2 protein chains.
Amino acid sequence: MNAISETLRELGDLLRQARLAAGLTQEQVADLAGISRPRYRDIETGIAAARATTLMNVSRALGLEMMLVPQAMVPAVRALMRPRDDDDLPAFVSQPD
Amino acid sequence: MNAISETLRELGDLLRQARLAAGLTQEQVADLAGISRPRYRDIETGIAAARATTLMNVSRALGLEMMLVPQAMVPAVRALMRPRDDDDLPAFVSQPD
DNA sequence: TGAATGAGATATGTAAACGTATCATGATTT
DNA sequence: AAATCATGATACGTTTACATATCTCATTCA
């Protein structure tokens, strides 16, 4: 009964991508974000949902910023982030439940 | 010893703005997001830090989406959201600690 | 006038996000 | 081969985000 929400897994994957792209270890990110390594690991693997404030700190440590954008502009924002059509870069938007 | 982080207050303010703009009551947003009213109230007043997943659900209930964008593109994204220079609309970016 | 509504607030209990400590494993390096 | 180093994983204790229940206080409205 512990489904490990798909959303959390996606978010974790994004963080991992960003971390590797930044050439940082889990421990370094954890330190920068002010949390423990086991904690960061759980977040990155999608096992646990961080607090909003923790996610902000982690994101910032990875060169990302958490933003709340009107749903209608999500496509435009995404387009902004991948100039050359095909992606793989940041920009996280979770799927509805 | 309960400082009520400035970041949380700002986030709460944004949620309140969005809620009022959407013409919803605290209880309606709480229901849509799947949390209790007292809980949503705490989030909106900045007393408590929601979980990342809760923030996603609340945001979605308000017509917003949580996104993680590269820090370098934050200005561009913000510009996208306020076509007419002066703001007051969504787009949340917290201040560093 | 008084009933309903929206919001602030407090109390108690539970689930889960946190910390610290510790061990295992696979890859790299000396 | 031995020693790092990065990561996965588990255990236990603390803090806090959550639910539910209940009370108050304006405001609105029949």
# chains A, B, ... in the order shown; residues from 1 in each chain; ligands from 1
call {"tool": "residues_around", "arguments": {"residues": "DA17 (chain D)", "least_positions_apart": "2", "cutoff": "9 Å", "atoms": "only C-alpha atoms (C1' of nucleotides)", "output": "MDAnalysis selection string"}}
result
(chainID A and resid 51) or (chainID B and resid 39 48:51) or (chainID C and resid 15:17)
call {"tool": "write_last_selection", "arguments": {"atoms": "all heavy atoms", "output": "compact mmCIF listing (two decimals), in the first residue's frame"}}
result
# COMPACT_ATOMS: atom_id res chain seq x y z
N ARG A 51 9.16 18.75 2.30
CA ARG A 51 8.31 19.91 2.56
C ARG A 51 8.55 20.91 1.46
O ARG A 51 9.59 20.90 0.80
CB ARG A 51 8.70 20.56 3.90
CG ARG A 51 8.30 19.73 5.07
CD ARG A 51 8.68 20.39 6.38
NE ARG A 51 8.75 19.37 7.41
CZ ARG A 51 9.57 19.40 8.45
NH1 ARG A 51 10.38 20.43 8.60
NH2 ARG A 51 9.57 18.45 9.33
N ARG B 39 -5.81 23.10 7.98
CA ARG B 39 -4.52 22.87 7.35
C ARG B 39 -4.28 23.90 6.25
O ARG B 39 -3.26 24.55 6.18
CB ARG B 39 -4.50 21.49 6.69
CG ARG B 39 -3.83 20.37 7.39
CD ARG B 39 -2.43 20.46 7.79
NE ARG B 39 -2.00 21.44 8.71
CZ ARG B 39 -0.77 21.93 8.72
NH1 ARG B 39 0.10 21.53 7.84
NH2 ARG B 39 -0.42 22.81 9.60
N ALA B 48 2.46 27.18 8.51
CA ALA B 48 3.02 25.85 8.29
C ALA B 48 3.52 25.67 6.87
O ALA B 48 2.99 26.27 5.93
CB ALA B 48 1.98 24.79 8.61
N ALA B 49 4.53 24.84 6.73
CA ALA B 49 5.06 24.51 5.41
C ALA B 49 4.42 23.23 4.92
O ALA B 49 4.58 22.18 5.52
CB ALA B 49 6.57 24.33 5.48
N ALA B 50 3.66 23.32 3.85
CA ALA B 50 3.02 22.13 3.31
C ALA B 50 4.06 21.19 2.73
O ALA B 50 5.20 21.57 2.52
CB ALA B 50 2.04 22.53 2.22
N ARG B 51 3.65 19.96 2.50
CA ARG B 51 4.54 19.05 1.78
C ARG B 51 4.52 19.47 0.32
O ARG B 51 3.58 20.12 -0.15
CB ARG B 51 4.01 17.62 1.89
CG ARG B 51 4.18 17.04 3.26
CD ARG B 51 3.63 15.63 3.32
NE ARG B 51 3.34 15.30 4.71
CZ ARG B 51 2.40 14.46 5.09
NH1 ARG B 51 1.66 13.87 4.20
NH2 ARG B 51 2.22 14.21 6.36
P DA C 15 -1.55 6.45 12.04
OP1 DA C 15 -2.49 5.47 11.45
OP2 DA C 15 -0.53 6.02 13.01
O5' DA C 15 -0.81 7.20 10.84
C5' DA C 15 -1.57 8.05 9.98
C4' DA C 15 -0.63 8.93 9.19
O4' DA C 15 -0.05 9.92 10.06
C3' DA C 15 0.54 8.19 8.55
O3' DA C 15 0.79 8.76 7.27
C2' DA C 15 1.69 8.44 9.52
C1' DA C 15 1.36 9.85 10.01
N9 DA C 15 1.86 10.15 11.34
C8 DA C 15 1.82 9.35 12.45
N7 DA C 15 2.34 9.90 13.52
C5 DA C 15 2.74 11.16 13.09
C6 DA C 15 3.36 12.24 13.73
N6 DA C 15 3.69 12.23 15.03
N1 DA C 15 3.62 13.34 13.00
C2 DA C 15 3.28 13.35 11.70
N3 DA C 15 2.69 12.40 10.98
C4 DA C 15 2.44 11.32 11.75
P DA C 16 1.81 8.00 6.25
OP1 DA C 16 1.09 7.82 4.98
OP2 DA C 16 2.44 6.85 6.95
O5' DA C 16 2.93 9.09 6.04
C5' DA C 16 2.59 10.47 5.90
C4' DA C 16 3.78 11.33 6.23
O4' DA C 16 3.96 11.41 7.66
C3' DA C 16 5.12 10.81 5.69
O3' DA C 16 5.89 11.91 5.30
C2' DA C 16 5.73 10.16 6.91
C1' DA C 16 5.32 11.20 7.94
N9 DA C 16 5.48 10.78 9.32
C8 DA C 16 5.25 9.55 9.85
N7 DA C 16 5.49 9.48 11.14
C5 DA C 16 5.94 10.75 11.47
C6 DA C 16 6.37 11.33 12.67
N6 DA C 16 6.43 10.66 13.82
N1 DA C 16 6.75 12.62 12.64
C2 DA C 16 6.69 13.28 11.48
N3 DA C 16 6.30 12.85 10.29
C4 DA C 16 5.93 11.56 10.35
P DA C 17 6.78 11.87 3.96
OP1 DA C 17 5.89 12.07 2.80
OP2 DA C 17 7.64 10.68 4.05
O5' DA C 17 7.68 13.17 4.12
C5' DA C 17 7.08 14.39 4.56
C4' DA C 17 8.02 15.14 5.49
O4' DA C 17 8.03 14.52 6.79
C3' DA C 17 9.47 15.20 5.03
O3' DA C 17 9.94 16.52 5.23
C2' DA C 17 10.18 14.19 5.94
C1' DA C 17 9.36 14.30 7.22
N9 DA C 17 9.34 13.10 8.05
C8 DA C 17 9.05 11.82 7.66
N7 DA C 17 9.10 10.93 8.64
C5 DA C 17 9.45 11.68 9.75
C6 DA C 17 9.66 11.33 11.10
N6 DA C 17 9.54 10.08 11.57
N1 DA C 17 10.00 12.32 11.95
C2 DA C 17 10.12 13.56 11.48
N3 DA C 17 9.94 14.02 10.24
C4 DA C 17 9.60 13.01 9.41
call {"tool": "interface_residues", "arguments": {"of": "chain B", "to": "chain C", "cutoff": "12 Å", "atoms": "only C-alpha atoms (C1' of nucleotides)", "output": "ChimeraX atom specification"}}
result
/B:24-28,37-38,40-42,44-45,49-52
call {"tool": "calpha_fit_and_write", "arguments": {"fixed": "chain B", "moving": "chain A", "output": "short mmCIF file (atom, residue, chain, number, x, y, z; two decimals) with N, CA and C atoms, in the first residue's frame"}}
result
data_model
loop_
_atom_site.label_atom_id
_atom_site.label_comp_id
_atom_site.auth_asym_id
_atom_site.auth_seq_id
_atom_site.Cartn_x
_atom_site.Cartn_y
_atom_site.Cartn_z
N MET A 1 10.70 31.93 19.18
CA MET A 1 11.60 31.22 18.28
C MET A 1 10.85 30.62 17.12
N ASN A 2 9.67 31.12 16.86
CA ASN A 2 8.93 30.60 15.72
C ASN A 2 8.68 31.72 14.74
N ALA A 3 9.67 31.98 13.96
CA ALA A 3 9.72 33.19 13.13
C ALA A 3 8.68 33.28 12.03
N ILE A 4 7.97 32.18 11.74
CA ILE A 4 7.08 32.21 10.59
C ILE A 4 7.83 32.74 9.38
N SER A 5 8.62 31.87 8.82
CA SER A 5 9.46 32.22 7.67
C SER A 5 8.80 33.18 6.70
N GLU A 6 9.57 34.16 6.33
CA GLU A 6 9.10 35.18 5.38
C GLU A 6 8.68 34.51 4.07
N THR A 7 9.45 33.52 3.70
CA THR A 7 9.15 32.78 2.47
C THR A 7 7.77 32.16 2.52
N LEU A 8 7.45 31.54 3.65
CA LEU A 8 6.15 30.90 3.77
C LEU A 8 5.03 31.92 3.74
N ARG A 9 5.29 33.07 4.33
CA ARG A 9 4.26 34.10 4.35
C ARG A 9 4.00 34.60 2.92
N GLU A 10 5.07 34.76 2.17
CA GLU A 10 4.93 35.21 0.77
C GLU A 10 4.17 34.18 -0.06
N LEU A 11 4.54 32.93 0.15
CA LEU A 11 3.86 31.87 -0.58
C LEU A 11 2.38 31.85 -0.22
N GLY A 12 2.10 31.99 1.06
CA GLY A 12 0.72 32.01 1.51
C GLY A 12 -0.05 33.18 0.91
N ASP A 13 0.60 34.33 0.86
CA ASP A 13 -0.05 35.52 0.28
C ASP A 13 -0.43 35.27 -1.17
N LEU A 14 0.51 34.62 -1.88
CA LEU A 14 0.23 34.34 -3.28
C LEU A 14 -0.96 33.41 -3.43
N LEU A 15 -1.01 32.39 -2.58
CA LEU A 15 -2.12 31.44 -2.65
C LEU A 15 -3.43 32.16 -2.35
N ARG A 16 -3.39 33.03 -1.36
CA ARG A 16 -4.61 33.75 -1.01
C ARG A 16 -5.08 34.62 -2.18
N GLN A 17 -4.14 35.33 -2.78
CA GLN A 17 -4.47 36.16 -3.95
C GLN A 17 -5.14 35.31 -5.02
N ALA A 18 -4.51 34.18 -5.31
CA ALA A 18 -5.02 33.30 -6.36
C ALA A 18 -6.40 32.78 -5.97
N ARG A 19 -6.58 32.47 -4.71
CA ARG A 19 -7.86 31.94 -4.24
C ARG A 19 -8.97 32.98 -4.39
N LEU A 20 -8.67 34.19 -3.96
CA LEU A 20 -9.68 35.24 -4.05
C LEU A 20 -9.99 35.55 -5.51
N ALA A 21 -8.94 35.56 -6.32
CA ALA A 21 -9.13 35.82 -7.75
C ALA A 21 -10.03 34.75 -8.36
N ALA A 22 -9.92 33.53 -7.82
CA ALA A 22 -10.71 32.42 -8.34
C ALA A 22 -12.10 32.38 -7.70
N GLY A 23 -12.31 33.24 -6.72
CA GLY A 23 -13.61 33.29 -6.06
C GLY A 23 -13.93 32.04 -5.26
N LEU A 24 -12.92 31.50 -4.63
CA LEU A 24 -13.11 30.28 -3.84
C LEU A 24 -12.93 30.56 -2.35
N THR A 25 -13.59 29.75 -1.51
CA THR A 25 -13.40 29.87 -0.07
C THR A 25 -12.25 28.95 0.33
N GLN A 26 -11.73 29.17 1.52
CA GLN A 26 -10.65 28.31 2.02
C GLN A 26 -11.10 26.86 2.03
N GLU A 27 -12.34 26.66 2.43
CA GLU A 27 -12.84 25.29 2.52
C GLU A 27 -12.91 24.63 1.15
N GLN A 28 -13.32 25.39 0.16
CA GLN A 28 -13.40 24.83 -1.19
C GLN A 28 -12.03 24.41 -1.68
N VAL A 29 -11.06 25.26 -1.48
CA VAL A 29 -9.70 24.93 -1.92
C VAL A 29 -9.18 23.72 -1.17
N ALA A 30 -9.43 23.71 0.14
CA ALA A 30 -8.99 22.58 0.96
C ALA A 30 -9.59 21.28 0.43
N ASP A 31 -10.88 21.31 0.12
CA ASP A 31 -11.55 20.12 -0.40
C ASP A 31 -10.95 19.70 -1.73
N LEU A 32 -10.78 20.66 -2.62
CA LEU A 32 -10.22 20.35 -3.93
C LEU A 32 -8.81 19.76 -3.80
N ALA A 33 -8.08 20.25 -2.83
CA ALA A 33 -6.70 19.79 -2.66
C ALA A 33 -6.61 18.54 -1.80
N GLY A 34 -7.74 18.16 -1.23
CA GLY A 34 -7.74 16.95 -0.41
C GLY A 34 -7.14 17.12 0.97
N ILE A 35 -7.18 18.32 1.52
CA ILE A 35 -6.70 18.53 2.89
C ILE A 35 -7.80 19.21 3.69
N SER A 36 -7.59 19.33 4.99
CA SER A 36 -8.59 19.94 5.85
C SER A 36 -8.50 21.46 5.80
N ARG A 37 -9.59 22.10 6.19
CA ARG A 37 -9.58 23.56 6.15
C ARG A 37 -8.54 24.15 7.11
N PRO A 38 -8.45 23.67 8.35
CA PRO A 38 -7.43 24.21 9.25
C PRO A 38 -6.03 24.09 8.65
N ARG A 39 -5.81 23.02 7.95
CA ARG A 39 -4.52 22.80 7.31
C ARG A 39 -4.29 23.85 6.23
N TYR A 40 -5.29 24.02 5.38
CA TYR A 40 -5.12 24.99 4.30
C TYR A 40 -4.94 26.39 4.87
N ARG A 41 -5.69 26.66 5.90
CA ARG A 41 -5.58 27.98 6.52
C ARG A 41 -4.14 28.21 7.00
N ASP A 42 -3.54 27.21 7.65
CA ASP A 42 -2.16 27.34 8.13
C ASP A 42 -1.19 27.60 6.98
N ILE A 43 -1.45 26.96 5.88
CA ILE A 43 -0.57 27.15 4.72
C ILE A 43 -0.73 28.56 4.18
N GLU A 44 -1.99 29.00 4.08
CA GLU A 44 -2.24 30.31 3.50
C GLU A 44 -1.72 31.43 4.39
N THR A 45 -1.74 31.21 5.69
CA THR A 45 -1.26 32.24 6.59
C THR A 45 0.25 32.12 6.84
N GLY A 46 0.85 31.09 6.26
CA GLY A 46 2.30 30.95 6.39
C GLY A 46 2.74 30.35 7.70
N ILE A 47 1.80 29.81 8.45
CA ILE A 47 2.13 29.21 9.74
C ILE A 47 2.84 27.88 9.56
N ALA A 48 2.43 27.14 8.54
CA ALA A 48 3.00 25.82 8.32
C ALA A 48 3.47 25.63 6.89
N ALA A 49 4.50 24.81 6.73
CA ALA A 49 5.01 24.47 5.40
C ALA A 49 4.35 23.19 4.93
N ALA A 50 3.62 23.28 3.85
CA ALA A 50 2.98 22.09 3.31
C ALA A 50 4.03 21.14 2.73
N ARG A 51 3.62 19.92 2.49
CA ARG A 51 4.50 19.01 1.77
C ARG A 51 4.49 19.42 0.31
N ALA A 52 5.50 19.00 -0.40
CA ALA A 52 5.59 19.34 -1.82
C ALA A 52 4.35 18.85 -2.54
N THR A 53 3.93 17.63 -2.23
CA THR A 53 2.76 17.08 -2.91
C THR A 53 1.49 17.86 -2.56
N THR A 54 1.39 18.28 -1.32
CA THR A 54 0.22 19.07 -0.91
C THR A 54 0.23 20.41 -1.63
N LEU A 55 1.40 21.02 -1.73
CA LEU A 55 1.50 22.30 -2.43
C LEU A 55 1.09 22.14 -3.88
N MET A 56 1.48 21.03 -4.49
CA MET A 56 1.10 20.77 -5.88
C MET A 56 -0.42 20.71 -6.00
N ASN A 57 -1.05 19.97 -5.09
CA ASN A 57 -2.50 19.82 -5.14
C ASN A 57 -3.21 21.14 -4.90
N VAL A 58 -2.72 21.90 -3.94
CA VAL A 58 -3.32 23.20 -3.65
C VAL A 58 -3.16 24.12 -4.87
N SER A 59 -1.97 24.16 -5.40
CA SER A 59 -1.71 25.01 -6.56
C SER A 59 -2.65 24.68 -7.70
N ARG A 60 -2.76 23.40 -7.95
CA ARG A 60 -3.60 22.96 -9.06
C ARG A 60 -5.05 23.36 -8.83
N ALA A 61 -5.47 23.27 -7.57
CA ALA A 61 -6.84 23.66 -7.22
C ALA A 61 -7.07 25.13 -7.50
N LEU A 62 -5.98 25.88 -7.52
CA LEU A 62 -6.08 27.32 -7.74
C LEU A 62 -5.75 27.71 -9.17
N GLY A 63 -5.60 26.71 -10.03
CA GLY A 63 -5.29 27.02 -11.42
C GLY A 63 -3.83 27.31 -11.67
N LEU A 64 -2.99 26.89 -10.73
CA LEU A 64 -1.55 27.12 -10.87
C LEU A 64 -0.82 25.78 -10.98
N GLU A 65 0.38 25.82 -11.51
CA GLU A 65 1.20 24.62 -11.56
C GLU A 65 2.56 24.92 -10.96
N MET A 66 3.05 23.97 -10.19
CA MET A 66 4.38 24.13 -9.62
C MET A 66 5.40 23.72 -10.67
N MET A 67 6.39 24.57 -10.89
CA MET A 67 7.43 24.23 -11.86
C MET A 67 8.80 24.53 -11.26
N LEU A 68 9.79 23.77 -11.70
CA LEU A 68 11.16 24.05 -11.31
C LEU A 68 11.87 24.57 -12.55
N VAL A 69 12.28 25.79 -12.50
CA VAL A 69 12.93 26.37 -13.68
C VAL A 69 14.36 26.79 -13.35
N PRO A 70 15.23 26.67 -14.34
CA PRO A 70 16.62 27.09 -14.13
C PRO A 70 16.64 28.54 -13.66
N GLN A 71 17.47 28.82 -12.67
CA GLN A 71 17.50 30.17 -12.11
C GLN A 71 17.72 31.23 -13.17
N ALA A 72 18.53 30.90 -14.16
CA ALA A 72 18.85 31.88 -15.19
C ALA A 72 17.62 32.31 -15.99
N MET A 73 16.60 31.46 -16.02
CA MET A 73 15.44 31.81 -16.85
C MET A 73 14.30 32.40 -16.04
N VAL A 74 14.51 32.52 -14.77
CA VAL A 74 13.44 33.07 -13.93
C VAL A 74 12.96 34.44 -14.42
N PRO A 75 13.87 35.35 -14.73
CA PRO A 75 13.41 36.67 -15.20
C PRO A 75 12.58 36.55 -16.47
N ALA A 76 13.00 35.72 -17.37
CA ALA A 76 12.26 35.55 -18.63
C ALA A 76 10.86 35.01 -18.35
N VAL A 77 10.79 34.05 -17.46
CA VAL A 77 9.49 33.47 -17.13
C VAL A 77 8.59 34.51 -16.47
N ARG A 78 9.16 35.24 -15.56
CA ARG A 78 8.38 36.29 -14.89
C ARG A 78 7.87 37.29 -15.91
N ALA A 79 8.73 37.65 -16.84
CA ALA A 79 8.34 38.60 -17.88
C ALA A 79 7.16 38.06 -18.67
N LEU A 80 7.23 36.76 -18.93
CA LEU A 80 6.15 36.10 -19.67
C LEU A 80 4.82 36.29 -18.97
N MET A 81 4.87 36.29 -17.65
CA MET A 81 3.63 36.30 -16.89
C MET A 81 3.04 37.67 -16.66
N ARG A 82 3.83 38.68 -16.84
CA ARG A 82 3.24 40.02 -16.71
C ARG A 82 3.55 40.84 -17.94
N PRO A 83 2.72 40.63 -18.95
CA PRO A 83 2.89 41.29 -20.24
C PRO A 83 3.01 42.80 -20.10
N ARG A 84 2.25 43.36 -19.18
CA ARG A 84 2.23 44.81 -19.05
C ARG A 84 3.01 45.29 -17.85
N ASP A 85 4.27 44.93 -17.85
CA ASP A 85 5.18 45.45 -16.84
C ASP A 85 4.73 45.27 -15.39
N ASP A 86 3.93 46.18 -14.89
CA ASP A 86 3.58 46.08 -13.46
C ASP A 86 2.75 44.84 -13.18
N ASP A 87 3.01 44.28 -12.06
CA ASP A 87 2.42 42.97 -11.79
C ASP A 87 1.35 42.95 -10.71
N ASP A 88 1.21 41.84 -10.13
CA ASP A 88 0.30 41.48 -9.04
C ASP A 88 -0.22 40.08 -9.30
N LEU A 89 0.09 39.59 -10.45
CA LEU A 89 -0.31 38.23 -10.82
C LEU A 89 0.63 37.19 -10.21
N PRO A 90 0.20 35.96 -10.23
CA PRO A 90 0.94 34.79 -9.76
C PRO A 90 2.45 34.85 -9.92
N ALA A 91 3.03 33.75 -10.25
CA ALA A 91 4.47 33.63 -10.40
C ALA A 91 5.17 33.80 -9.07
N PHE A 92 5.42 32.69 -8.45
CA PHE A 92 6.09 32.73 -7.16
C PHE A 92 7.53 32.30 -7.25
N VAL A 93 8.40 33.12 -6.74
CA VAL A 93 9.79 32.73 -6.59
C VAL A 93 10.23 33.18 -5.21
N SER A 94 10.64 32.23 -4.42
CA SER A 94 11.01 32.56 -3.04
C SER A 94 12.37 33.24 -2.97
N GLN A 95 12.56 33.96 -1.91
CA GLN A 95 13.85 34.61 -1.68
C GLN A 95 14.81 33.62 -1.04
N PRO A 96 16.06 33.71 -1.40
CA PRO A 96 17.07 32.88 -0.75
C PRO A 96 17.05 33.15 0.75
N ASP A 97 17.54 32.20 1.53
CA ASP A 97 17.60 32.39 2.98
C ASP A 97 18.59 33.50 3.29
#
